[in-house]
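Shown here: structure_15.txt, compact mmCIF, C-alpha atoms.
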# COMPACT_ATOMS: atom_id res chain seq x y z
CA MET A 1 26.52 1.99 11.74
CA ASN A 2 25.42 4.23 8.87
CA SER A 3 21.64 4.35 8.57
CA TYR A 4 18.83 6.06 6.69
CA LEU A 5 15.45 7.01 8.21
CA GLY A 6 12.09 6.82 6.47
CA ILE A 7 8.81 8.23 7.83
CA ASP A 8 5.26 7.61 6.61
CA THR A 9 2.08 9.09 8.12
CA SER A 10 -0.71 7.62 6.01
CA ASN A 11 -4.43 7.82 6.65
CA TYR A 12 -4.45 4.75 8.92
CA THR A 13 -0.89 3.99 10.02
CA THR A 14 1.98 5.83 11.69
CA SER A 15 5.31 4.27 10.75
CA ALA A 16 9.05 4.82 10.67
CA ALA A 17 11.89 2.64 9.42
CA ILE A 18 15.66 2.61 9.28
CA ILE A 19 17.72 0.78 6.70
CA PHE A 20 21.36 0.10 7.52
CA GLU A 21 24.39 0.27 5.25
CA ASN A 22 24.35 -3.54 4.88
CA GLY A 23 20.74 -3.49 3.61
CA SER A 24 19.06 -4.87 6.74
CA LEU A 25 15.97 -3.00 7.86
CA LYS A 26 14.01 -2.31 11.03
CA HIS A 27 10.57 -0.73 11.10
CA VAL A 28 7.88 0.13 13.63
CA LYS A 29 4.27 0.91 12.76
CA LYS A 30 0.96 1.31 14.58
CA LEU A 31 -2.56 1.51 13.24
CA LEU A 32 -4.49 4.64 14.11
CA PRO A 33 -7.49 3.98 16.37
CA VAL A 34 -10.85 3.73 14.62
CA LYS A 35 -14.09 3.66 16.63
CA PRO A 36 -16.08 0.39 16.47
CA GLY A 37 -18.54 0.48 13.57
CA ALA A 38 -16.70 3.31 11.79
CA LEU A 39 -15.25 2.94 8.29
CA GLY A 40 -12.18 5.07 8.82
CA LEU A 41 -10.97 8.45 10.05
CA ARG A 42 -11.44 12.05 9.05
CA GLN A 43 -8.22 13.77 8.06
CA ASN A 44 -8.24 16.00 11.16
CA GLU A 45 -8.50 12.89 13.34
CA ALA A 46 -5.63 11.21 11.48
CA VAL A 47 -3.45 14.30 11.87
CA PHE A 48 -4.17 14.44 15.60
CA HIS A 49 -3.20 10.81 16.13
CA HIS A 50 -0.03 11.10 14.01
CA VAL A 51 1.14 14.15 15.97
CA ASN A 52 0.84 12.16 19.18
CA ARG A 53 2.19 8.84 17.93
CA LEU A 54 5.08 9.69 15.63
CA PRO A 55 7.49 10.73 18.41
CA GLU A 56 6.72 7.46 20.22
CA ILE A 57 7.26 5.46 17.04
CA ILE A 58 10.62 7.09 16.31
CA GLU A 59 11.73 6.69 19.92
CA GLU A 60 10.89 2.98 19.84
CA LEU A 61 12.61 2.55 16.47
CA LEU A 62 15.86 4.20 17.53
CA ARG A 63 16.01 2.88 21.09
CA ASP A 64 19.22 0.96 21.79
CA GLU A 65 20.55 1.68 18.31
CA LYS A 66 23.98 3.26 17.83
CA LEU A 67 23.54 5.02 14.53
CA SER A 68 25.20 7.47 12.23
CA MET A 69 22.19 8.93 10.41
CA LYS A 70 23.07 9.84 6.83
CA ALA A 71 19.73 11.02 5.38
CA ILE A 72 16.04 11.31 6.18
CA GLY A 73 13.15 10.67 3.79
CA VAL A 74 9.40 11.05 4.14
CA SER A 75 6.21 10.40 2.22
CA SER A 76 4.89 13.90 1.49
CA LYS A 77 1.88 13.11 -0.72
CA PRO A 78 -0.25 10.16 -1.83
CA ARG A 79 1.15 9.77 -5.35
CA ASP A 80 3.47 11.34 -7.92
CA GLU A 81 0.74 13.38 -9.56
CA GLU A 82 0.23 17.14 -9.74
CA ASN A 83 -1.90 18.48 -6.85
CA SER A 84 -1.70 15.16 -4.98
CA TYR A 85 -2.21 16.08 -1.33
CA MET A 86 -3.54 14.77 1.98
CA PRO A 87 -3.18 16.64 5.30
CA CYS A 88 -2.03 13.55 7.23
CA PHE A 89 1.31 13.54 5.38
CA THR A 90 2.17 17.02 6.68
CA VAL A 91 2.85 15.51 10.12
CA GLY A 92 5.63 13.30 8.81
CA VAL A 93 7.02 16.12 6.66
CA SER A 94 7.31 18.52 9.61
CA GLN A 95 9.01 15.94 11.83
CA ALA A 96 11.41 14.87 9.06
CA LYS A 97 12.40 18.47 8.33
CA ILE A 98 13.11 19.12 12.02
CA LEU A 99 15.26 15.99 12.31
CA SER A 100 17.09 16.77 9.08
CA SER A 101 17.87 20.31 10.24
CA PHE A 102 18.96 19.18 13.70
CA LEU A 103 21.17 16.34 12.43
CA LYS A 104 22.40 18.35 9.42
CA VAL A 105 21.71 15.53 6.97
CA PRO A 106 19.96 15.54 3.57
CA TYR A 107 16.15 15.54 3.44
CA TYR A 108 14.16 13.86 0.65
CA GLU A 109 10.46 13.67 -0.19
CA PHE A 110 8.72 10.77 -1.93
CA SER A 111 5.15 9.75 -2.59
CA HIS A 112 3.35 7.23 -0.39
CA GLN A 113 2.70 5.16 -3.52
CA SER A 114 6.39 5.02 -4.42
CA GLY A 115 7.07 3.85 -0.87
CA HIS A 116 4.62 0.97 -1.31
CA ILE A 117 6.24 -0.07 -4.58
CA MET A 118 9.75 0.06 -3.14
CA ALA A 119 8.69 -1.87 -0.01
CA ALA A 120 7.49 -4.66 -2.30
CA ILE A 121 10.70 -4.59 -4.35
CA TYR A 122 12.81 -4.70 -1.18
CA SER A 123 10.91 -7.51 0.52
CA ALA A 124 10.75 -9.58 -2.68
CA LYS A 125 14.46 -8.95 -3.34
CA ARG A 126 13.67 -7.80 -6.88
CA PHE A 127 15.84 -4.71 -7.34
CA ASP A 128 16.41 -5.92 -10.89
CA LEU A 129 12.98 -4.48 -11.71
CA LEU A 130 14.47 -1.00 -11.44
CA ASN A 131 16.46 -1.49 -14.63
CA ASN A 132 13.42 -1.41 -16.94
CA LYS A 133 9.74 -0.45 -17.06
CA PHE A 134 7.22 -2.60 -15.19
CA LEU A 135 3.58 -2.50 -14.10
CA ALA A 136 2.72 -1.97 -10.44
CA PHE A 137 -0.66 -2.19 -8.75
CA HIS A 138 -1.26 -0.21 -5.56
CA VAL A 139 -4.36 -1.67 -3.92
CA SER A 140 -5.36 -0.38 -0.51
CA GLY A 141 -8.08 1.37 1.48
CA GLY A 142 -7.37 4.67 -0.22
CA THR A 143 -6.14 3.58 -3.64
CA THR A 144 -6.81 1.09 -6.40
CA GLU A 145 -4.50 2.02 -9.24
CA ALA A 146 -2.15 0.53 -11.77
CA VAL A 147 0.94 2.54 -12.61
CA LEU A 148 3.62 2.24 -15.24
CA VAL A 149 6.94 2.43 -13.39
CA ALA A 150 10.16 3.58 -15.06
CA PRO A 151 13.72 4.11 -13.78
CA ASP A 152 14.45 7.70 -12.79
CA ALA A 153 17.94 8.83 -11.83
CA GLY A 154 16.61 11.66 -9.69
CA LYS A 155 13.65 10.06 -7.89
CA ILE A 156 14.81 6.40 -8.30
CA ILE A 157 11.45 5.58 -9.91
CA SER A 158 8.81 7.56 -11.76
CA THR A 159 5.18 6.47 -12.00
CA LYS A 160 2.32 7.14 -14.39
CA ILE A 161 -1.24 6.06 -13.63
CA VAL A 162 -2.49 3.77 -16.41
CA GLY A 163 -5.52 2.17 -14.73
CA GLU A 164 -7.74 2.99 -11.76
CA THR A 165 -11.05 2.49 -10.04
CA LEU A 166 -13.81 4.83 -11.17
CA ASP A 167 -15.70 4.56 -7.88
CA LEU A 168 -14.86 2.53 -4.74
CA THR A 169 -11.33 1.40 -3.94
CA ALA A 170 -10.84 -2.30 -3.25
CA GLY A 171 -10.06 -1.55 0.39
CA GLN A 172 -13.23 0.51 0.80
CA LEU A 173 -15.28 -2.32 -0.68
CA ILE A 174 -13.71 -4.92 1.61
CA ASP A 175 -14.20 -2.77 4.70
CA ARG A 176 -17.82 -1.98 3.84
CA VAL A 177 -18.66 -5.62 3.27
CA GLY A 178 -16.76 -6.54 6.42
CA LEU A 179 -18.67 -4.00 8.50
CA MET A 180 -21.93 -5.35 7.08
CA LEU A 181 -20.86 -8.81 8.28
CA GLY A 182 -19.99 -7.52 11.76
CA LEU A 183 -16.20 -7.59 11.31
CA ASN A 184 -13.66 -5.18 12.78
CA PHE A 185 -12.03 -2.36 10.83
CA PRO A 186 -9.85 -2.87 8.84
CA ALA A 187 -11.71 -5.98 7.73
CA GLY A 188 -9.31 -7.57 5.24
CA ALA A 189 -7.80 -10.29 7.43
CA GLU A 190 -11.11 -11.37 8.97
CA LEU A 191 -12.90 -11.35 5.60
CA GLU A 192 -10.16 -13.57 4.18
CA LYS A 193 -10.66 -16.10 7.00
CA LEU A 194 -14.36 -16.31 6.18
CA ALA A 195 -13.70 -16.64 2.45
CA LEU A 196 -11.24 -19.49 2.95
CA ASN A 197 -14.08 -21.53 4.45
CA TYR A 198 -16.13 -21.40 1.24
CA ASN A 199 -14.96 -23.78 -1.48
CA GLU A 200 -17.75 -23.86 -4.08
CA LYS A 201 -17.13 -22.38 -7.55
CA LEU A 202 -18.48 -18.88 -8.14
CA ALA A 203 -19.54 -17.13 -11.35
CA ILE A 204 -17.80 -13.76 -11.32
CA LYS A 205 -18.12 -11.07 -14.00
CA PRO A 206 -15.91 -8.10 -13.10
CA CYS A 207 -16.78 -4.61 -14.32
CA VAL A 208 -13.67 -3.50 -16.22
CA LYS A 209 -13.70 -0.72 -18.80
CA GLY A 210 -10.46 -0.86 -20.75
CA THR A 211 -7.83 -0.52 -18.04
CA ASP A 212 -10.17 1.03 -15.44
CA CYS A 213 -12.65 -0.69 -13.15
CA CYS A 214 -15.82 -0.17 -11.10
CA LEU A 215 -16.38 -1.89 -7.75
CA SER A 216 -19.50 -0.26 -6.28
CA GLY A 217 -21.70 -2.89 -7.93
CA VAL A 218 -19.98 -5.58 -5.88
CA GLN A 219 -21.11 -3.88 -2.68
CA ASN A 220 -24.69 -3.98 -3.99
CA ILE A 221 -24.35 -7.69 -4.80
CA CYS A 222 -23.02 -8.47 -1.32
CA GLU A 223 -25.76 -6.42 0.37
CA LYS A 224 -28.42 -8.28 -1.65
CA MET A 225 -26.88 -11.61 -0.65
CA ARG A 226 -27.00 -10.56 3.00
CA GLU A 227 -30.67 -9.57 2.68
CA ASN A 228 -31.41 -12.99 1.15
CA GLY A 229 -29.79 -14.78 4.09
CA GLU A 230 -26.71 -16.08 2.27
CA GLU A 231 -23.97 -17.41 4.55
CA LYS A 232 -21.17 -15.05 5.60
CA ASN A 233 -18.46 -17.29 4.16
CA LYS A 234 -20.00 -17.10 0.69
CA ILE A 235 -20.48 -13.33 0.82
CA ALA A 236 -16.85 -12.88 1.87
CA LYS A 237 -15.65 -15.14 -0.95
CA VAL A 238 -17.76 -13.28 -3.52
CA CYS A 239 -16.27 -9.96 -2.41
CA ILE A 240 -12.68 -11.17 -2.56
CA GLU A 241 -13.12 -13.06 -5.82
CA TYR A 242 -14.62 -9.97 -7.47
CA VAL A 243 -11.63 -7.87 -6.41
CA CYS A 244 -9.20 -10.53 -7.57
CA ASP A 245 -10.88 -11.07 -10.95
CA THR A 246 -11.12 -7.31 -11.45
CA LEU A 247 -7.37 -6.92 -10.92
CA ASP A 248 -6.80 -9.92 -13.16
CA LYS A 249 -8.78 -8.41 -16.04
CA MET A 250 -7.14 -4.99 -15.59
CA CYS A 251 -3.72 -6.63 -15.67
CA GLU A 252 -4.61 -8.62 -18.76
CA ASN A 253 -5.75 -5.49 -20.60
CA LEU A 254 -2.74 -3.47 -19.46
CA ARG A 255 -0.27 -6.05 -20.72
CA LEU A 256 -2.07 -6.13 -24.06
CA LYS A 257 -1.67 -2.35 -24.25
CA TYR A 258 1.83 -1.87 -22.82
CA GLY A 259 3.54 -5.19 -23.43
CA ASN A 260 4.30 -8.39 -21.57
CA MET A 261 6.27 -6.74 -18.75
CA PRO A 262 6.70 -7.83 -15.10
CA VAL A 263 3.83 -7.09 -12.71
CA LEU A 264 4.15 -6.11 -9.05
CA PHE A 265 1.31 -5.90 -6.52
CA SER A 266 1.54 -3.72 -3.41
CA GLY A 267 -0.80 -2.30 -0.78
CA GLY A 268 -2.61 -3.78 2.19
CA VAL A 269 -5.29 -5.54 0.14
CA MET A 270 -2.60 -7.58 -1.60
CA ALA A 271 -1.69 -9.40 1.60
CA ASN A 272 -4.73 -11.58 0.80
CA SER A 273 -3.63 -15.18 0.19
CA ILE A 274 -6.46 -15.96 -2.25
CA MET A 275 -5.50 -13.11 -4.57
CA ARG A 276 -1.77 -13.77 -4.24
CA GLU A 277 -2.13 -17.41 -5.25
CA LYS A 278 -4.25 -16.76 -8.34
CA LEU A 279 -2.30 -13.75 -9.63
CA SER A 280 1.06 -15.39 -8.92
CA LEU A 281 0.14 -18.43 -10.98
CA LYS A 282 -1.15 -16.46 -13.96
CA TYR A 283 1.38 -13.63 -14.15
CA LYS A 284 4.32 -14.81 -12.03
CA ALA A 285 3.52 -11.59 -10.21
CA ILE A 286 5.76 -10.09 -7.56
CA PHE A 287 4.32 -9.37 -4.11
CA ALA A 288 5.55 -7.73 -0.95
CA GLN A 289 5.94 -9.99 2.04
CA ALA A 290 2.82 -9.68 4.20
CA GLU A 291 4.41 -7.34 6.76
CA PHE A 292 5.47 -4.97 3.96
CA SER A 293 2.12 -5.03 2.10
CA SER A 294 0.20 -2.65 4.33
CA ASP A 295 1.22 0.97 4.93
CA ASN A 296 4.77 1.23 6.24
CA ALA A 297 7.84 3.44 6.00
CA ALA A 298 10.19 0.68 4.83
CA GLY A 299 10.04 1.65 1.18
CA ILE A 300 10.65 5.30 2.05
CA ALA A 301 13.79 4.34 3.97
CA VAL A 302 15.05 2.28 1.02
CA LEU A 303 14.33 5.12 -1.41
CA THR A 304 16.19 7.53 0.89
CA LYS A 305 19.30 5.35 0.94
CA MET A 306 19.27 4.92 -2.82
CA ARG A 307 18.68 8.63 -3.41
CA LEU A 308 21.68 9.63 -1.31
CA GLU A 309 23.85 7.00 -2.99
CA ASN A 310 22.81 8.30 -6.43
CA ASN A 311 23.59 11.87 -5.41
CA GLY A 312 26.93 10.82 -3.97
Mind converting the file's structure to structure tokens?
Amino acid sequence: MNSYLGIDTSNYTTSAAIIFENGSLKHVKKLLPVKPGALGLRQNEAVFHHVNRLPEIIEELLRDEKLSMKAIGVSSKPRDEENSYMPCFTVGVSQAKILSSFLKVPYYEFSHQSGHIMAAIYSAKRFDLLNNKFLAFHVSGGTTEAVLVAPDAGKIISTKIVGETLDLTAGQLIDRVGLMLGLNFPAGAELEKLALNYNEKLAIKPCVKGTDCCLSGVQNICEKMRENGEEKNKIAKVCIEYVCDTLDKMCENLRLKYGNMPVLFSGGVMANSIMREKLSLKYKAIFAQAEFSSDNAAGIAVLTKMRLENNG
């Protein structure tokens, strides 16, 4: 069966995916190992782990599959901005180029951010979004940004950053608070479980400046609560509610500025059920299915298929 391969070597996950001619998709991903108590990996550590894991990932993905590979795509940089670069993506690029040369099939590069957006579109079955401009939030350990997305015949989509964090990313905040509470890295899922056990109303005042935000103050609030002996469930809920209300206010301001257009949320942080419920109700927002929210190569595979079809 005709198929298209996507590869993504982000800061915390090694992943590869194939999409078939009929639109069905298969993907394999593994988190990079982080030492207990650590808040992430240095780039040299991430590169080392990707070099060792990517061949295993691709072997597992392609095992028992009878494929006719038509094109290979890879995330080559964090976002579609000039000078956007992270060393960890070079691992995927080198492997994709080798495979492309060996198989004699087209090779395409995309940004990690575009992969996230397309993974959400694919899993939500909302390809209609590609016909017009829409807002997309990419909220993860490395990024908290809002981008204006427009159709692009060459790249499938083009993105322009229209809102961002001015200090901590939402993922960094969640992991720091989680570590403070004794949770494992990445802390998002465990922090959500704690927060769901706290039901009292909270007074939240997000720090939003136009369409940008600041989140470092939330870490200070949570640390102060911990020093004062506040329960873990409440601290977790405060952290998550601040992130949610911050995104809410950013979205509100962005729609006032750019128009009442559809809104899509992607990135690992947006797997959180508390945020999904609130933002879905207010904006009828589009979300990736949980398995497609965190870093994965699925969106890259979809972009690769569409790119070849456009060029054909």
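Across A:Cys251, A:Asp167, A:Gly6, A:Thr159, the tightest approach to A:Ser100 is made by A:Gly6 when counting all atoms listed in the file.
Counting all atoms listed in the file and comparing A:Lys30, A:Lys205, A:Lys97, A:His138, the residue that lies closest to A:Ser75 is A:Lys97.
With all atoms listed in the file as the atoms that count, the residue of A:Tyr4, A:Phe292, A:Phe110, A:Phe185 with the shortest distance to A:Leu62 is A:Tyr4.
Minimum atom-to-atom distances from A:Ile7, A:Ile161, A:Ala298, A:Cys214 to A:His27 were compared using all atoms listed in the file, and the lowest value belongs to A:Ala298.
Here atom CA of A:Ser123 is placed at a distance of 5.6 Å from atom CA of A:Ala288.
Closest to A:Ser3 among A:Lys305, A:His116, A:Lys278, A:Lys234 is A:Lys305, based on only C-alpha atoms.
Between A:Ala119 and the residues A:Asp212, A:Glu223, A:Glu291, A:Glu60, the shortest atom-to-atom distance, using only C-alpha atoms, involves A:Glu291.
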Non-local contacts of A:Leu215 (12 Å; only C-alpha atoms; under 3 positions in same chain excluded) as a ChimeraX atom specification: /A:144,164-174,176-177,205-209,212,218-222,239-247
If we draw a sphere of 9 Å around (2.3, 8.7, 0.8), which residues have at least one atom in it when counting all atoms listed in the file? Please report them as an NGL selection string. :A and (8-11 or 74-79 or 85-86 or 89 or 110-116 or 295)
Residue selection dump (C-alpha atoms) as a CSV table (one decimal), in the frame of the given file:
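Saved the output as result14.csv:
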chain,number,residue,atom,x,y,z
A,8,ASP,CA,5.3,7.6,6.6
A,9,THR,CA,2.1,9.1,8.1
A,10,SER,CA,-0.7,7.6,6.0
A,11,ASN,CA,-4.4,7.8,6.6
A,74,VAL,CA,9.4,11.0,4.1
A,75,SER,CA,6.2,10.4,2.2
A,76,SER,CA,4.9,13.9,1.5
A,77,LYS,CA,1.9,13.1,-0.7
A,78,PRO,CA,-0.2,10.2,-1.8
A,79,ARG,CA,1.2,9.8,-5.4
A,85,TYR,CA,-2.2,16.1,-1.3
A,86,MET,CA,-3.5,14.8,2.0
A,89,PHE,CA,1.3,13.5,5.4
A,110,PHE,CA,8.7,10.8,-1.9
A,111,SER,CA,5.2,9.8,-2.6
A,112,HIS,CA,3.4,7.2,-0.4
A,113,GLN,CA,2.7,5.2,-3.5
A,114,SER,CA,6.4,5.0,-4.4
A,115,GLY,CA,7.1,3.8,-0.9
A,116,HIS,CA,4.6,1.0,-1.3
A,295,ASP,CA,1.2,1.0,4.9
What lies within 9 Å of A:Ala16 using only C-alpha atoms, ignoring chain neighbours under 2 positions off, as JSON, numbers by chain? {"A": [5, 6, 7, 8, 9, 14, 18, 26, 27, 28, 29, 54, 57, 58, 61, 296, 297, 298, 300, 301]}
Using atom CA of A:Lys201 and atom CA of A:Gly217 as the two end points, give the distance in Å to one decimal. 20.0 Å
